[in-house]
Structures are given as C-alpha cells and as structure tokens.
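To start, the structure itself, in structure tokens.
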Amino acid sequence: MGRGRVVLQRIENKINRQVTFSKRRNGLLKKAYELSVLCDAEVCLIIFSSRGKLFEFGSNGSITKTIERYRRCCYASRENNDPDHDRQIGHEEYAKLKTKYESLMDSQRHLLGEDLGLLSIKELQNLEKMLEGTLSQARQRKGQMMFKQMEELKKKEHDLEETNKQLTSKLEELEECVRVIEASWDSGTVAGNNNLGMHLSQPNQIQPQSQSTLPMGFHEFVPQEGATTITRNIGNSRSGHPQGWLV
C-alpha cells in the first residue's frame with residue numbers, strides 16, 4: 001500500500017504537531033543545504049517555531065549578507081516605481097546610523113561603569129569578559145612596548161660604553177704624550193744647568209779676546225828710545241824750539 005495523502009491543515013494534537021515540525025524543519029534545512037551545494041546558489045532560510053524559537057540557515061555562513069543583498073535588490077526594484085525612493089532610503093539610513101550611535105554610546109557608558117543598573121546578569125557577564133579581554137590586550141601591548149624600550153636602552157648603553165672606551169684610550173694616549181714632552185723638557189733643563197756649572201767652575205780656561213779695538217781711558221805713553229830722539233830732532237828742525245819740547 002502507498003502512503004496516504006496528508007491533509008494540509010493545522011494539527012490539533014500538540015505532540016504530533018511538535019514532531020511534525022521537527023521532521024519538516026530538518027527536511028527543509030537539508031533541502032536548502034542541498035540546493036546551495038548542487039546549484040551554487042545563495043540560500044537563506046529563517047524559521048520561527050510556535051514558541052518563538054529561531055532556526056536559520058545561510059549558505060554563506062551568515063544570513064546577514066544575504067538579507068542585505070535582498071534589501072538592496074528590493075530598493076533597486078522600488079527605485080523605478082517610487083519617486084520618493086531616495087528620500088526613503090535616506091530616512092532608513094539615518095535611522096540605522098542613529099540606532100548604531102545610541103548603541104555605541106550605551107556601550108561606552110557601560111565600559112566607564114555608568115548605567116549598569118539597567119543591565120541583566122548575562123549582559124554584565126559579557127561586559128566583564130569584554131573588559132578582561134581589553135585589559136589583557138592592554139597589558140600585553142604594554143609589555144611589548146616596555147621590552148622594546150629596554151632593548152633600545154641596552155643598545156644605547158652598549159654604544160655609550162664603546163664611546164667611553166674610545167675616549168679613555170685617546171685620553172691615555174694624550175697623557176703619555178704629555179709625559180714624554182715633560183720628560184724631554186726636564187732632560188734639556190738638566191743638561192743646560194750642567195753646562196752652565198761646568199763653565200762657572202773653570203773660569204781660567206776662557207781664552208781672552210784679542211784687543212782689536214781702541215782702548216778707552218788714559219794710558220801712559222812710553223815711547224821707545226830711538227823714536228824719541230828722532231821726534232825731538234824733527235821738532236827742533238822745523239819749529240826752532242829747543243829740544244825737549246815734544247815729549
């Protein structure tokens with residue numbers, strides 16, 4: 001015997017209705033998955049049970065992109081028929097941005113510890129997890145920056161040590177040059193003092209210079225005997241004075 005035809009009407013029995021919903025739901029989700037794989041189609045499926053429970057399927061992993069694509073297609077189709085389409089889109093975008101802004105402001109106040117009385121336990125737990133994650137990331141980033149600064153300081157310290165060694169070596173070379181110069185000066189001074197002492201200790205060895213210049217002062221002239229006689233004779237013969245006038 002074949003399977004009987006199912007009458008399409010609401011199932012009155014609650015248990016049978018729940019079982020049928022589960023079976024048909026799973027079959028529908030399976031068919032949606034097969035359609036997306038076999039035909040390379042973008043499929044989005046949303047199901048709400050009679051109790052308000054949500055069941056969804058998206059071929060892209062999330063139905064959000066598919067819904068946004070659906071909205072763009074709907075807006076594009078309305079644009080040709082509705083002259084006020086741009087205005088409507090503007091109002092919708094404004095409403096979205098306003099809602100997003102208010103949500104961000106609420107999140108900021110919650111992060112600052114404000115308006116926490118309106119949050120439920122689950123929301124407070126989520127906020128605590130988010131703060132812990134943020135604090136962990138901040139500490140990790142702080143540690144990385146401090147480690148980087150320490151490495152830079154170590155490098156600067158090494159460079160300064162090398163510079164200090166070079167300067168110390170140059171200073172030692174300069175000090176050695178100064179000592180050599182001072183030693184040469186001291187040896188030259190000692191040699192000069194020794195020579196001066198030797199000259200002072202031997203005054204008789206100094207040879208007198210020849211008197212090639214005219215002596216100054218009064219010196220007694222002692223003529224020779226022959227010269228005196230000749231001079232007297234010449235004087236007497238010329239001037240007629242008696243002998244003995246020219247001495």
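Residues are referred to by chain and number: the chain letter is A, B, ... according to the order shown in the structure tokens, the number counts from 1 in that chain, and ligands are numbered separately from 1 in the order shown.
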Extract, using only C-alpha atoms, all DNA, RNA and protein residues at most 9 Å from Glu42 in chain A, discarding same-chain residues fewer than 5 positions from it, and format them as a PyMOL selection string.
chain A and resi 35-36+58-60+66
Prev. selection, all heavy atoms, output as a compact mmCIF listing (two decimals), in the first residue's frame:
```txt
# COMPACT_ATOMS: atom_id res chain seq x y z
N LEU A 35 20.39 22.45 -2.11
CA LEU A 35 20.20 23.41 -3.20
C LEU A 35 21.41 24.35 -3.32
O LEU A 35 21.85 24.65 -4.44
CB LEU A 35 18.93 24.22 -2.94
CG LEU A 35 18.59 25.30 -3.97
CD1 LEU A 35 18.34 24.67 -5.35
CD2 LEU A 35 17.36 26.09 -3.53
N SER A 36 21.96 24.81 -2.19
CA SER A 36 23.11 25.71 -2.24
C SER A 36 24.36 25.01 -2.77
O SER A 36 25.16 25.61 -3.47
CB SER A 36 23.37 26.28 -0.84
OG SER A 36 23.74 25.25 0.06
N GLY A 58 22.18 29.77 6.41
CA GLY A 58 22.74 30.66 5.39
C GLY A 58 23.86 29.96 4.66
O GLY A 58 24.76 29.39 5.28
N SER A 59 23.83 30.00 3.35
CA SER A 59 24.84 29.29 2.57
C SER A 59 26.21 29.96 2.69
O SER A 59 27.23 29.32 2.48
CB SER A 59 24.41 29.24 1.10
OG SER A 59 24.21 30.56 0.60
N ASN A 60 26.23 31.24 3.05
CA ASN A 60 27.50 31.95 3.22
C ASN A 60 28.02 31.88 4.65
O ASN A 60 29.00 32.55 4.98
CB ASN A 60 27.33 33.42 2.82
CG ASN A 60 27.09 33.59 1.33
OD1 ASN A 60 27.56 32.78 0.53
ND2 ASN A 60 26.35 34.61 0.95
N THR A 66 23.15 37.89 3.11
CA THR A 66 22.05 37.57 2.20
C THR A 66 20.88 38.53 2.39
O THR A 66 20.24 38.96 1.42
CB THR A 66 21.60 36.13 2.42
OG1 THR A 66 22.72 35.25 2.34
CG2 THR A 66 20.57 35.70 1.38
```
Where does DSSP see alpha helix (DSSP H) in range 37-205 of chain A, if you list the residues as a ChimeraX atom specification?
/A:37-38,63-79,85-111,121-201
Quick one: pick out all strand (DSSP E or B) residues within range 11-198 of chain A from a backbone DSSP run and write them as a PyMOL selection string.
chain A and resi 44-48+54-58
Based on the selection just made, write N, CA, C and O atoms of those residues as a PDB file, in the first residue's frame.
```pdb
ATOM      1  N   CYS A  44      19.076  31.435   1.874  1.00  0.00           N
ATOM      2  CA  CYS A  44      18.891  31.916   3.250  1.00  0.00           C
ATOM      3  C   CYS A  44      17.533  31.405   3.733  1.00  0.00           C
ATOM      4  O   CYS A  44      16.511  31.586   3.050  1.00  0.00           O
ATOM      5  N   LEU A  45      17.526  30.766   4.887  1.00  0.00           N
ATOM      6  CA  LEU A  45      16.294  30.186   5.415  1.00  0.00           C
ATOM      7  C   LEU A  45      16.121  30.616   6.868  1.00  0.00           C
ATOM      8  O   LEU A  45      17.036  30.465   7.673  1.00  0.00           O
ATOM      9  N   ILE A  46      14.956  31.153   7.185  1.00  0.00           N
ATOM     10  CA  ILE A  46      14.634  31.605   8.547  1.00  0.00           C
ATOM     11  C   ILE A  46      13.330  30.947   8.973  1.00  0.00           C
ATOM     12  O   ILE A  46      12.314  31.027   8.261  1.00  0.00           O
ATOM     13  N   ILE A  47      13.373  30.307  10.141  1.00  0.00           N
ATOM     14  CA  ILE A  47      12.185  29.604  10.655  1.00  0.00           C
ATOM     15  C   ILE A  47      11.984  30.004  12.109  1.00  0.00           C
ATOM     16  O   ILE A  47      12.929  29.969  12.908  1.00  0.00           O
ATOM     17  N   PHE A  48      10.768  30.350  12.460  1.00  0.00           N
ATOM     18  CA  PHE A  48      10.360  30.597  13.841  1.00  0.00           C
ATOM     19  C   PHE A  48       9.320  29.567  14.240  1.00  0.00           C
ATOM     20  O   PHE A  48       8.316  29.379  13.524  1.00  0.00           O
ATOM     21  N   LEU A  54      14.064  30.522  17.127  1.00  0.00           N
ATOM     22  CA  LEU A  54      14.592  30.823  15.802  1.00  0.00           C
ATOM     23  C   LEU A  54      15.460  29.677  15.295  1.00  0.00           C
ATOM     24  O   LEU A  54      16.298  29.149  16.013  1.00  0.00           O
ATOM     25  N   PHE A  55      15.227  29.323  14.003  1.00  0.00           N
ATOM     26  CA  PHE A  55      16.069  28.372  13.281  1.00  0.00           C
ATOM     27  C   PHE A  55      16.424  29.030  11.949  1.00  0.00           C
ATOM     28  O   PHE A  55      15.537  29.541  11.244  1.00  0.00           O
ATOM     29  N   GLU A  56      17.724  29.022  11.620  1.00  0.00           N
ATOM     30  CA  GLU A  56      18.164  29.726  10.420  1.00  0.00           C
ATOM     31  C   GLU A  56      19.250  28.936   9.717  1.00  0.00           C
ATOM     32  O   GLU A  56      19.950  28.106  10.312  1.00  0.00           O
ATOM     33  N   PHE A  57      19.392  29.223   8.428  1.00  0.00           N
ATOM     34  CA  PHE A  57      20.430  28.617   7.600  1.00  0.00           C
ATOM     35  C   PHE A  57      20.873  29.648   6.564  1.00  0.00           C
ATOM     36  O   PHE A  57      20.038  30.310   5.927  1.00  0.00           O
ATOM     37  N   GLY A  58      22.179  29.774   6.412  1.00  0.00           N
ATOM     38  CA  GLY A  58      22.739  30.657   5.391  1.00  0.00           C
ATOM     39  C   GLY A  58      23.857  29.956   4.659  1.00  0.00           C
ATOM     40  O   GLY A  58      24.759  29.389   5.275  1.00  0.00           O
TER      41      GLY A  58
END
```
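Distance-wise, CA of Ser103 in chain A and CA of Ser49 in chain A end up 28.8 Å apart.
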For range 123-133 of chain A, please output as a ChimeraX atom specification all residues within 10 Å (counting only C-alpha atoms; exclusion window: fewer than 6 positions along the same chain).
/A:107,110-111,116-117,139
Take the residues that were just selected and, keeping N, CA, C and O atoms, output them as a PDB file, in the first residue's frame.
```pdb
ATOM      1  N   SER A 107      27.288  51.442  25.065  1.00  0.00           N
ATOM      2  CA  SER A 107      28.440  50.572  25.348  1.00  0.00           C
ATOM      3  C   SER A 107      29.566  51.359  26.006  1.00  0.00           C
ATOM      4  O   SER A 107      30.222  50.874  26.940  1.00  0.00           O
ATOM      5  N   HIS A 110      28.680  51.969  29.597  1.00  0.00           N
ATOM      6  CA  HIS A 110      28.817  50.726  30.364  1.00  0.00           C
ATOM      7  C   HIS A 110      30.284  50.425  30.648  1.00  0.00           C
ATOM      8  O   HIS A 110      30.635  49.967  31.747  1.00  0.00           O
ATOM      9  N   LEU A 111      31.160  50.683  29.662  1.00  0.00           N
ATOM     10  CA  LEU A 111      32.590  50.458  29.877  1.00  0.00           C
ATOM     11  C   LEU A 111      33.157  51.403  30.922  1.00  0.00           C
ATOM     12  O   LEU A 111      34.120  51.064  31.630  1.00  0.00           O
ATOM     13  N   LEU A 116      24.853  50.877  34.879  1.00  0.00           N
ATOM     14  CA  LEU A 116      24.930  49.419  34.971  1.00  0.00           C
ATOM     15  C   LEU A 116      23.698  48.806  35.609  1.00  0.00           C
ATOM     16  O   LEU A 116      23.508  47.586  35.542  1.00  0.00           O
ATOM     17  N   GLY A 117      22.863  49.632  36.241  1.00  0.00           N
ATOM     18  CA  GLY A 117      21.677  49.088  36.901  1.00  0.00           C
ATOM     19  C   GLY A 117      20.639  48.547  35.938  1.00  0.00           C
ATOM     20  O   GLY A 117      19.805  47.720  36.320  1.00  0.00           O
ATOM     21  N   ARG A 139      47.630  45.005  28.685  1.00  0.00           N
ATOM     22  CA  ARG A 139      48.834  44.564  29.399  1.00  0.00           C
ATOM     23  C   ARG A 139      49.845  43.941  28.453  1.00  0.00           C
ATOM     24  O   ARG A 139      51.060  44.167  28.586  1.00  0.00           O
TER      25      ARG A 139
END
```
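Here the question is which of A:Asp159, A:Ser62, A:Ser50, A:Gln108 gets nearest to Phe21 in chain A using only C-alpha atoms, and that residue is A:Ser50.
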